[in-house]
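The file final_1.txt contains compact mmCIF, C-alpha atoms and all ligand atoms:
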```txt
# COMPACT_ATOMS: atom_id res chain seq x y z
CA MET O 1 13.95 31.46 6.83
CA GLN O 2 16.95 29.16 7.04
CA THR O 3 16.84 26.10 4.74
CA THR O 4 18.28 22.95 6.24
CA LEU O 5 19.72 20.33 3.89
CA TRP O 6 17.67 17.15 3.74
CA THR O 7 19.47 14.30 5.48
CA ASN O 8 17.07 11.43 6.08
CA ILE O 9 13.44 10.41 6.19
CA ARG O 10 13.73 7.90 8.99
CA SER O 11 10.44 8.88 10.52
CA PHE O 12 8.35 8.62 7.32
CA PRO O 13 6.39 5.33 7.08
CA ASP O 14 7.97 2.97 4.54
CA THR O 15 5.94 2.62 1.39
CA LYS O 16 5.55 0.11 -1.44
CA TYR O 17 3.41 2.58 -3.38
CA MET O 18 3.77 2.12 -7.13
CA GLY O 19 6.33 4.60 -8.46
CA SER O 20 7.30 5.78 -4.99
CA LYS O 21 10.54 7.73 -4.93
CA GLN O 22 11.37 6.79 -1.35
CA ALA O 23 14.40 4.66 -2.35
CA ILE O 24 16.00 7.46 -4.38
CA LEU O 25 15.10 10.42 -2.17
CA PRO O 26 18.73 11.17 -1.21
CA GLU O 27 19.65 11.63 -4.88
CA ILE O 28 16.52 13.68 -5.65
CA MET O 29 17.01 15.93 -2.64
CA GLN O 30 20.70 16.33 -3.44
CA ALA O 31 19.80 17.49 -6.97
CA LEU O 32 17.05 19.82 -5.72
CA SER O 33 19.36 21.41 -3.17
CA SER O 34 21.25 23.03 -6.08
CA ILE O 35 18.13 25.02 -7.06
CA GLU O 36 17.02 28.18 -5.32
CA PHE O 37 13.42 27.88 -4.11
CA ASP O 38 11.42 28.49 -0.98
CA SER O 39 8.06 26.96 -1.87
CA ALA O 40 7.22 23.80 -3.79
CA LEU O 41 4.17 22.14 -5.29
CA ASP O 42 4.43 18.34 -5.37
CA ALA O 43 1.84 18.02 -8.13
CA PHE O 44 1.50 14.18 -8.08
CA SER O 45 2.28 13.48 -4.44
CA GLY O 46 1.34 9.75 -4.21
CA SER O 47 2.82 8.33 -1.00
CA ALA O 48 3.81 11.92 0.01
CA CYS O 49 7.41 10.89 0.72
CA VAL O 50 8.83 13.59 -1.59
CA SER O 51 6.61 16.30 -0.08
CA TYR O 52 7.65 15.16 3.38
CA ALA O 53 11.36 15.29 2.49
CA LEU O 54 10.86 18.82 1.07
CA LYS O 55 9.05 19.75 4.27
CA GLN O 56 12.12 18.49 6.15
CA MET O 57 14.22 20.82 3.99
CA GLY O 58 12.23 23.72 5.47
CA LYS O 59 10.25 24.53 2.31
CA ARG O 60 6.61 25.62 2.17
CA ILE O 61 4.79 22.71 0.54
CA VAL O 62 1.60 22.17 -1.41
CA ALA O 63 1.08 18.41 -1.86
CA ASN O 64 -1.50 17.40 -4.48
CA ASP O 65 -2.84 14.13 -5.82
CA PHE O 66 -6.20 13.31 -7.41
CA LEU O 67 -6.60 10.21 -5.22
CA GLU O 68 -8.35 10.88 -1.93
CA PHE O 69 -6.37 8.30 0.00
CA ALA O 70 -3.11 9.94 -1.13
CA TYR O 71 -4.58 13.30 -0.08
CA ASN O 72 -5.27 11.96 3.42
CA ILE O 73 -1.67 10.76 3.77
CA ALA O 74 -0.38 14.18 2.66
CA LYS O 75 -2.75 16.02 5.00
CA ALA O 76 -1.68 13.80 7.93
CA THR O 77 2.07 14.06 7.31
CA VAL O 78 2.77 17.24 5.31
CA GLU O 79 0.00 19.76 6.04
CA ASN O 80 -0.21 18.63 9.64
CA ASN O 81 2.38 20.40 11.80
CA ASN O 82 1.19 19.43 15.28
CA VAL O 83 -1.88 17.16 15.57
CA LYS O 84 -1.43 13.60 16.89
CA LEU O 85 -4.01 10.99 17.81
CA THR O 86 -4.04 10.67 21.61
CA PRO O 87 -4.47 7.30 23.41
CA LYS O 88 -8.05 8.42 24.26
CA THR O 89 -8.89 9.09 20.60
CA ILE O 90 -7.38 5.77 19.56
CA GLU O 91 -9.50 4.04 22.20
CA PHE O 92 -12.58 5.83 20.82
CA LEU O 93 -11.73 4.71 17.26
CA LEU O 94 -11.65 1.08 18.39
CA GLU O 95 -15.02 1.15 20.20
CA PRO O 96 -18.05 -0.62 18.69
CA ASN O 97 -20.31 1.84 16.88
CA SER O 98 -23.98 0.84 16.65
CA LYS O 99 -24.46 3.25 13.73
CA ALA O 100 -21.73 1.63 11.62
CA GLY O 101 -22.71 0.50 8.12
CA THR O 102 -22.15 -2.96 6.65
CA PHE O 103 -21.08 -2.00 3.13
CA VAL O 104 -17.57 -3.47 3.35
CA ARG O 105 -18.84 -6.72 4.88
CA ASP O 106 -21.67 -6.98 2.33
CA THR O 107 -19.61 -6.11 -0.74
CA TYR O 108 -16.07 -7.26 -0.03
CA LYS O 109 -16.31 -10.11 2.51
CA ASN O 110 -13.65 -12.73 1.66
CA LEU O 111 -12.55 -10.90 -1.50
CA TYR O 112 -9.56 -9.28 0.14
CA PHE O 113 -10.12 -9.75 3.89
CA CYS O 114 -12.04 -12.07 6.20
CA GLU O 115 -15.44 -11.05 7.59
CA GLU O 116 -13.99 -9.92 10.92
CA ASP O 117 -11.52 -7.56 9.23
CA CYS O 118 -14.27 -6.22 6.95
CA ALA O 119 -16.47 -5.55 10.00
CA PHE O 120 -13.54 -3.76 11.64
CA ILE O 121 -13.21 -1.51 8.58
CA ASP O 122 -16.98 -0.70 8.61
CA ASN O 123 -16.89 0.11 12.31
CA THR O 124 -13.68 2.15 12.22
CA TYR O 125 -14.90 4.20 9.25
CA ALA O 126 -18.03 5.15 11.24
CA ASN O 127 -15.90 6.16 14.22
CA ILE O 128 -13.54 8.23 12.06
CA LYS O 129 -16.52 10.19 10.74
CA GLU O 130 -17.42 11.11 14.32
CA LEU O 131 -14.06 12.80 14.97
CA ALA O 132 -14.59 16.55 15.06
CA ASP O 133 -11.15 17.55 13.78
CA ALA O 134 -10.41 17.20 10.03
CA THR O 135 -6.69 16.54 10.59
CA GLU O 136 -7.45 13.81 13.13
CA GLN O 137 -9.83 12.31 10.57
CA SER O 138 -7.07 12.32 7.95
CA ILE O 139 -4.53 10.66 10.26
CA ALA O 140 -7.05 7.94 11.15
CA MET O 141 -8.14 7.51 7.51
CA ALA O 142 -4.52 7.34 6.31
CA ALA O 143 -3.87 4.72 9.01
CA LEU O 144 -6.93 2.65 8.04
CA CYS O 145 -5.88 2.74 4.35
CA ARG O 146 -2.34 1.76 5.29
CA ALA O 147 -3.66 -1.14 7.40
CA CYS O 148 -5.69 -2.40 4.41
CA MET O 149 -2.71 -2.12 2.05
CA LYS O 150 -0.35 -3.83 4.50
CA LYS O 151 -2.77 -6.77 4.68
CA ARG O 152 -2.59 -7.32 0.90
CA PRO O 153 0.31 -9.02 -0.90
CA ARG O 154 2.12 -6.21 -2.74
CA GLY O 155 -0.32 -3.75 -1.18
CA ILE O 156 -2.74 -3.82 -4.13
CA PHE O 157 -6.33 -4.78 -4.99
CA THR O 158 -6.07 -6.05 -8.58
CA PHE O 159 -6.74 -9.68 -7.61
CA THR O 160 -8.93 -11.36 -5.00
CA GLY O 161 -8.43 -14.30 -2.66
CA LYS O 162 -5.33 -15.66 -1.04
CA LYS O 163 -2.82 -15.47 -3.92
CA GLY O 164 0.55 -14.46 -2.53
CA TRP O 165 -0.42 -15.08 1.09
CA ASP O 166 2.64 -16.42 2.85
CA GLY O 167 3.53 -16.57 6.55
CA ARG O 168 4.52 -12.92 6.70
CA ARG O 169 3.52 -11.06 9.89
CA ASP O 170 1.81 -8.26 7.92
CA LEU O 171 -0.68 -10.74 6.46
CA ARG O 172 -1.16 -12.72 9.67
CA ILE O 173 -1.94 -9.98 12.15
CA SER O 174 -5.47 -8.56 12.52
CA MET O 175 -6.66 -5.42 10.78
CA ALA O 176 -7.05 -3.85 14.23
CA ARG O 177 -3.35 -4.49 15.03
CA GLN O 178 -2.32 -3.09 11.64
CA PHE O 179 -4.43 0.01 12.26
CA ILE O 180 -2.87 0.68 15.68
CA ASP O 181 0.65 0.15 14.25
CA ALA O 182 -0.14 2.58 11.40
CA ILE O 183 -1.40 5.27 13.79
CA ARG O 184 1.83 4.95 15.76
CA LEU O 185 3.85 5.49 12.56
CA PHE O 186 1.80 8.49 11.41
CA ASN O 187 1.89 10.04 14.90
CA ALA O 188 5.68 9.63 14.94
CA CYS O 189 6.22 11.60 11.76
CA VAL O 190 4.30 14.73 12.79
CA PHE O 191 6.60 17.75 13.00
CA ASP O 192 6.42 21.51 12.47
CA ASN O 193 8.75 23.02 9.88
CA GLY O 194 7.47 26.48 10.72
CA ARG O 195 5.64 26.82 7.40
CA LYS O 196 1.98 26.75 6.36
CA ASN O 197 1.92 23.60 4.23
CA ILE O 198 -1.23 22.32 2.55
CA ALA O 199 -2.57 19.17 0.93
CA THR O 200 -5.04 19.28 -1.97
CA CYS O 201 -6.98 16.62 -3.86
CA LEU O 202 -7.30 17.95 -7.40
CA ASP O 203 -6.68 16.97 -10.96
CA VAL O 204 -3.29 18.49 -11.70
CA PHE O 205 -4.76 20.92 -14.25
CA GLU O 206 -6.99 22.39 -11.55
CA THR O 207 -4.06 23.22 -9.26
CA SER O 208 -2.72 26.74 -9.03
CA ALA O 209 0.98 27.50 -8.89
CA GLU O 210 0.48 31.09 -7.72
CA GLY O 211 3.23 31.97 -5.25
CA ILE O 212 5.03 28.66 -5.91
CA ASP O 213 8.73 28.68 -6.89
CA LEU O 214 9.27 25.05 -7.87
CA VAL O 215 6.90 22.37 -9.14
CA TYR O 216 7.99 18.75 -8.65
CA ILE O 217 6.37 16.58 -11.31
CA ASP O 218 6.15 12.80 -10.96
CA THR O 219 3.38 11.61 -13.27
CA PRO O 220 2.50 7.94 -13.79
CA TYR O 221 5.06 6.41 -16.20
CA ILE O 222 3.96 4.80 -19.41
CA SER O 223 6.09 1.70 -19.60
CA PRO O 224 6.10 -1.39 -21.84
CA HIS O 225 6.05 -3.56 -18.68
CA SER O 226 2.95 -2.47 -16.82
CA ASP O 227 -0.06 -0.20 -17.04
CA CYS O 228 -0.02 2.80 -14.78
CA ASP O 229 -3.60 2.86 -13.57
CA TYR O 230 -3.40 3.90 -9.91
CA THR O 231 -7.18 3.80 -9.40
CA ARG O 232 -7.28 0.15 -10.53
CA ARG O 233 -4.49 -0.90 -8.15
CA TYR O 234 -5.69 1.04 -5.11
CA HIS O 235 -9.48 1.14 -5.76
CA PHE O 236 -10.40 -0.40 -2.40
CA VAL O 237 -8.72 2.25 -0.25
CA GLU O 238 -9.82 5.01 -2.62
CA GLY O 239 -13.46 3.88 -2.34
CA LEU O 240 -13.12 3.53 1.42
CA CYS O 241 -12.17 7.21 1.86
CA SER O 242 -15.73 8.23 0.92
CA TYR O 243 -17.34 4.90 1.90
CA TRP O 244 -17.83 4.53 -1.89
CA SER O 245 -20.17 7.57 -2.01
CA LYS O 246 -17.99 9.58 -4.42
CA VAL O 247 -16.96 6.76 -6.76
CA ALA O 248 -18.65 4.53 -9.32
CA ILE O 249 -18.29 0.91 -8.24
CA GLN O 250 -18.26 -1.65 -11.08
CA TYR O 251 -20.27 -4.48 -9.54
CA GLU O 252 -19.79 -6.74 -12.55
CA THR O 253 -16.02 -7.01 -11.94
CA THR O 254 -14.64 -9.78 -9.69
CA THR O 255 -12.55 -7.23 -7.82
CA LYS O 256 -15.54 -4.85 -7.37
CA LYS O 257 -13.27 -2.06 -8.45
CA ILE O 258 -14.30 1.53 -9.04
CA ARG O 259 -14.28 3.34 -12.39
CA SER O 260 -10.75 4.65 -12.95
CA TYR O 261 -10.22 8.38 -12.81
CA LYS O 262 -9.33 9.83 -16.19
CA THR O 263 -5.73 10.93 -16.63
CA ALA O 264 -4.04 11.77 -19.91
CA PHE O 265 -0.66 10.62 -18.51
CA CYS O 266 -1.53 6.92 -18.85
CA SER O 267 -2.01 6.60 -22.60
CA ALA O 268 0.71 6.75 -25.27
CA LYS O 269 -1.81 8.55 -27.50
CA THR O 270 -2.38 11.44 -25.09
CA VAL O 271 0.77 11.68 -22.98
CA ILE O 272 2.79 14.05 -25.17
CA ALA O 273 -0.01 16.61 -25.40
CA ALA O 274 -0.57 16.18 -21.65
CA PHE O 275 3.06 17.05 -20.85
CA GLU O 276 2.91 20.04 -23.20
CA ARG O 277 -0.19 21.28 -21.42
CA LEU O 278 1.35 20.56 -18.00
CA PHE O 279 4.57 22.46 -18.70
CA TYR O 280 2.54 25.37 -20.04
CA HIS O 281 0.29 25.27 -16.96
CA PHE O 282 3.39 25.67 -14.75
CA ARG O 283 5.30 27.97 -17.13
CA GLU O 284 5.95 30.60 -14.41
CA CYS O 285 7.72 28.11 -12.08
CA LYS O 286 10.98 26.20 -12.00
CA LEU O 287 10.33 22.54 -12.77
CA ALA O 288 11.81 19.27 -11.53
CA VAL O 289 10.43 16.32 -13.49
CA SER O 290 11.02 12.69 -12.50
CA TYR O 291 10.70 10.21 -15.33
CA SER O 292 11.91 6.73 -16.13
CA SER O 293 14.36 5.75 -18.87
CA ASN O 294 11.90 3.17 -20.21
CA GLY O 295 8.96 5.59 -20.28
CA ILE O 296 7.21 7.48 -23.09
CA PRO O 297 8.26 10.20 -23.89
CA GLY O 298 11.97 9.35 -23.90
CA ARG O 299 14.76 11.56 -22.61
CA ASP O 300 15.35 13.68 -25.75
CA GLU O 301 11.67 14.25 -26.38
CA MET O 302 11.18 15.31 -22.76
CA ILE O 303 14.00 17.87 -23.11
CA GLU O 304 12.38 19.22 -26.28
CA LEU O 305 9.02 19.53 -24.51
CA LEU O 306 10.58 21.37 -21.58
CA LYS O 307 12.43 23.72 -23.91
CA GLU O 308 9.09 24.98 -25.25
CA THR O 309 8.71 27.01 -22.03
CA LYS O 310 12.16 26.91 -20.33
CA SER O 311 15.58 28.13 -21.45
CA LYS O 312 17.80 25.83 -19.36
CA VAL O 313 17.26 22.08 -18.96
CA GLN O 314 19.62 19.84 -17.03
CA VAL O 315 19.28 16.04 -16.61
CA VAL O 316 20.35 14.08 -13.53
CA GLU O 317 20.54 10.29 -13.96
CA ILE O 318 19.80 8.00 -11.01
CA PRO O 319 20.12 4.20 -11.38
CA HIS O 320 17.14 2.50 -9.71
CA LYS O 321 15.56 -0.91 -9.28
CA TYR O 322 11.81 -0.87 -8.68
CA SER O 323 10.58 -3.30 -6.06
CA PHE O 324 7.10 -3.07 -7.53
CA GLY O 325 6.11 -5.84 -9.94
CA ASN O 326 3.14 -7.36 -11.65
CA GLN O 327 2.79 -10.48 -13.82
CA ARG O 328 4.65 -8.93 -16.73
CA HIS O 329 7.09 -7.03 -14.58
CA LYS O 330 8.36 -9.39 -11.92
CA VAL O 331 10.24 -8.29 -8.83
CA GLY O 332 13.84 -9.46 -9.13
CA ASN O 333 14.13 -9.67 -12.94
CA ASN O 334 15.99 -7.13 -15.04
CA ASN O 335 12.92 -5.38 -16.42
CA ASN O 336 12.58 -3.32 -13.28
CA SER O 337 16.14 -1.94 -13.43
CA VAL O 338 15.86 1.51 -14.94
CA THR O 339 17.62 4.81 -14.98
CA GLU O 340 15.48 7.35 -13.27
CA TYR O 341 15.80 10.83 -14.81
CA LEU O 342 15.35 14.07 -12.97
CA PHE O 343 14.93 16.91 -15.49
CA ILE O 344 15.55 20.29 -13.93
CA ALA O 345 14.20 23.15 -15.99
CA GLU O 346 14.48 26.87 -15.28
C1 LIG O 401 4.44 8.12 -9.92
S1 LIG O 401 3.12 8.41 -8.76
C2 LIG O 401 3.79 9.61 -7.68
C3 LIG O 401 4.72 8.98 -6.69
C4 LIG O 401 5.20 9.91 -5.60
N1 LIG O 401 6.10 10.92 -6.10
C5 LIG O 401 5.88 9.09 -4.51
O1 LIG O 401 7.11 9.19 -4.36
O2 LIG O 401 5.18 8.32 -3.86
C6 LIG O 401 1.96 9.31 -9.73
C7 LIG O 401 0.75 9.86 -8.96
O3 LIG O 401 0.02 10.71 -9.85
C8 LIG O 401 -1.35 10.67 -9.49
N2 LIG O 401 -2.09 11.19 -10.66
C9 LIG O 401 -2.22 10.61 -11.89
N3 LIG O 401 -2.88 11.43 -12.72
C10 LIG O 401 -3.15 12.56 -12.03
C11 LIG O 401 -3.81 13.79 -12.37
N4 LIG O 401 -4.30 13.99 -13.58
N5 LIG O 401 -3.91 14.75 -11.42
C12 LIG O 401 -3.39 14.56 -10.18
N6 LIG O 401 -2.78 13.40 -9.79
C13 LIG O 401 -2.65 12.42 -10.72
C14 LIG O 401 -1.59 9.21 -9.12
O4 LIG O 401 -2.69 9.08 -8.25
C15 LIG O 401 -0.25 8.82 -8.44
O5 LIG O 401 -0.35 8.92 -7.04
```
Using the file provided, produce a representation of the structure as structure tokens.
Ligand SMILES: C[S@@+](CC[C@H](N)C(=O)[O-])C[C@H]1O[C@@H](n2cnc3c(N)ncnc32)[C@H](O)[C@@H]1O
Amino acid sequence: MQTTLWTNIRSFPDTKYMGSKQAILPEIMQALSSIEFDSALDAFSGSACVSYALKQMGKRIVANDFLEFAYNIAKATVENNNVKLTPKTIEFLLEPNSKAGTFVRDTYKNLYFCEEDCAFIDNTYANIKELADATEQSIAMAALCRACMKKRPRGIFTFTGKKGWDGRRDLRISMARQFIDAIRLFNACVFDNGRKNIATCLDVFETSAEGIDLVYIDTPYISPHSDCDYTRRYHFVEGLCSYWSKVAIQYETTTKKIRSYKTAFCSAKTVIAAFERLFYHFRECKLAVSYSSNGIPGRDEMIELLKETKSKVQVVEIPHKYSFGNQRHKVGNNNNSVTEYLFIAE
């Protein structure tokens, strides 16, 4: 099959996801186009923008993330080659459902959203569960999660109340409007690259790289400026994907967050051993590893780790300014200017 060079991702919904590579995709894709591969596993897919760009390159993609909301985005945009939500289905999703639960209203009313928006989330979740097609369910779920994130300052759930609420349209418009806008965006990015792509929701060490040529690795970064706990930041949308049935909610917390999923990539004590294990797990494949210049391990240590299983390691440097900030890592200061490394190991 002919591989087309990646040119743009205009149709992929913009994302503020922590650690998203959307802003530096041209450089990443440029670097990856020098490697020979036909299939790729995006082992930590997050917003799915890298998987989507690889899909646009004509590759066969497996997109994996241990978060269920990330999985739904990947299923809707990467695995999905032809399903869109029709006007009739959208109408159905917006109808009142007498069987809808009240969990969001009861648990989260006025923590992140007003009562009306919480009731909309309860009702829409119930309608999504009545869709017969799993891909339609994922598009609708991805859209509902996106609507919730768009209605939060910085798209996160680490604080409650109205902090950061300004006059911005995204915060003013109703959850229903956000949901319809999000469906339009997800519908618009559906395309068929002629390959059988799949999305999975697994811990990275449970994934299989059988039949995969290249593994793209973009773990959380351990940085002195912020923690890298994705479950903590996005707990609300993660809980929503199973209507909190698969997660452990911590009722004693003000944010009503869920217990974070364990990952060895978020602690300085465990990260080195985790990378060693990861590179061994994918020892049969070519590797492309994104990592930040202010992360642990540093550049030289990462090269050493890769050389344990690979003979050739090349480093591409990409200057980057993260738009994501938290109290210790403010948007607009110099702490979020980093060099982004792409280690290519064969
Ligand atoms: C830096 S982000 C990936 C960003 C993504 N490349 C993008 O451009 O949006 C890291 C991702 O790793 C996921 N993750 C962390 N530990 C994991 C594990 N053990 N197994 C699978 N996914 C994991 C997180 O949920 C998060 O989405």
### Task
Could you please extract the residues within 6 Å of ligand LIG 401 (chain O), counting only C-alpha atoms and all ligand atoms, and hand them back as a PyMOL selection string?
chain O and resi 19-22+44-50+65-67+202-204+218-220+230+263
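Minimum atom-to-atom distance to Asn123 of chain O, evaluated using all atoms listed in the file, belongs to O:Val104 out of O:Leu278, O:Ala248, O:Ala63, O:Val104.
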### Query
What is the atom CA of Lys99 of chain O-atom CA of Ile258 of chain O distance in Å, reported with one decimal?
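Going from atom CA of Lys99 of chain O over to atom CA of Ile258 of chain O covers 25.0 Å.
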As JSON, please: the centre and edge lengths in Å, to one decimal, of an axis-aligned box enclosing every listed atom of segment 264-276 of chain O with 8 Å added on each side.
```
{"center_x": -0.5, "center_y": 13.3, "center_z": -23.0, "size_x": 23.1, "size_y": 29.4, "size_z": 25.0}
```
#### Entry: Best match for closeness to Ser245 of chain O among O:Lys88, O:Phe103, O:Asn82, O:Lys150, counting only C-alpha atoms
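Going through O:Lys88, O:Phe103, O:Asn82, O:Lys150 one by one, the smallest distance to Ser245 of chain O is for O:Phe103.
The smallest atom-to-atom distance between Cys118 of chain O and any of O:Met149, O:Ile90, O:Met175, O:Ala199, using only C-alpha atoms, is found for O:Met175.
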### Query
In Å to one decimal, how far is atom CA of Cys285 of chain O from atom CA of Ile61 of chain O?
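Answer for the atom CA of Ile61 of chain O to atom CA of Cys285 of chain O separation: 14.0 Å.
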### Query
At what distance in Å, to one decimal, does atom CA of Glu79 of chain O lie from atom CA of Ala147 of chain O?
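Separation between atom CA of Ala147 of chain O and atom CA of Glu79 of chain O: 21.3 Å.
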### Who sits within 12 Å of Lys151 of chain O, only C-alpha atoms, same chain under 6 positions skipped, as a PyMOL selection string
chain O and resi 112-114+117-118+144-145+157+161-162+164-179+182+237
Could the residues in this selection be saved with C-alpha atoms as a CSV table (one decimal), in the coordinates of the input?
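Listing of selection25.csv after writing:
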```csv
chain,number,residue,atom,x,y,z
O,112,TYR,CA,-9.6,-9.3,0.1
O,113,PHE,CA,-10.1,-9.8,3.9
O,114,CYS,CA,-12.0,-12.1,6.2
O,117,ASP,CA,-11.5,-7.6,9.2
O,118,CYS,CA,-14.3,-6.2,7.0
O,144,LEU,CA,-6.9,2.6,8.0
O,145,CYS,CA,-5.9,2.7,4.4
O,157,PHE,CA,-6.3,-4.8,-5.0
O,161,GLY,CA,-8.4,-14.3,-2.7
O,162,LYS,CA,-5.3,-15.7,-1.0
O,164,GLY,CA,0.6,-14.5,-2.5
O,165,TRP,CA,-0.4,-15.1,1.1
O,166,ASP,CA,2.6,-16.4,2.8
O,167,GLY,CA,3.5,-16.6,6.6
O,168,ARG,CA,4.5,-12.9,6.7
O,169,ARG,CA,3.5,-11.1,9.9
O,170,ASP,CA,1.8,-8.3,7.9
O,171,LEU,CA,-0.7,-10.7,6.5
O,172,ARG,CA,-1.2,-12.7,9.7
O,173,ILE,CA,-1.9,-10.0,12.2
O,174,SER,CA,-5.5,-8.6,12.5
O,175,MET,CA,-6.7,-5.4,10.8
O,176,ALA,CA,-7.0,-3.8,14.2
O,177,ARG,CA,-3.4,-4.5,15.0
O,178,GLN,CA,-2.3,-3.1,11.6
O,179,PHE,CA,-4.4,0.0,12.3
O,182,ALA,CA,-0.1,2.6,11.4
O,237,VAL,CA,-8.7,2.2,-0.2
```
### Query
Hey, which of O:Thr77, O:Ala264, O:Phe282, O:Ile35 ends up closest to Gln314 of chain O? Count only C-alpha atoms.
O:Ile35
#### Entry: Sel. within 8 Å of pt (17.4, 4.1, -5.1), counting only C-alpha atoms, output as number ranges by chain
O: 21-25, 27, 318-321
### Message
Just want the 12 Å neighbourhood of Arg277 of chain O, counted on only C-alpha atoms, with same-chain residues fewer than 2 positions away dropped. Output as a list in words.
### Response
Val204, Phe205, Ala264, Phe265, Thr270, Val271, Ile272, Ala273, Ala274, Phe275, Phe279, Tyr280, His281, Phe282, Arg283, Leu305, Leu306, Glu308 and Thr309 of chain O
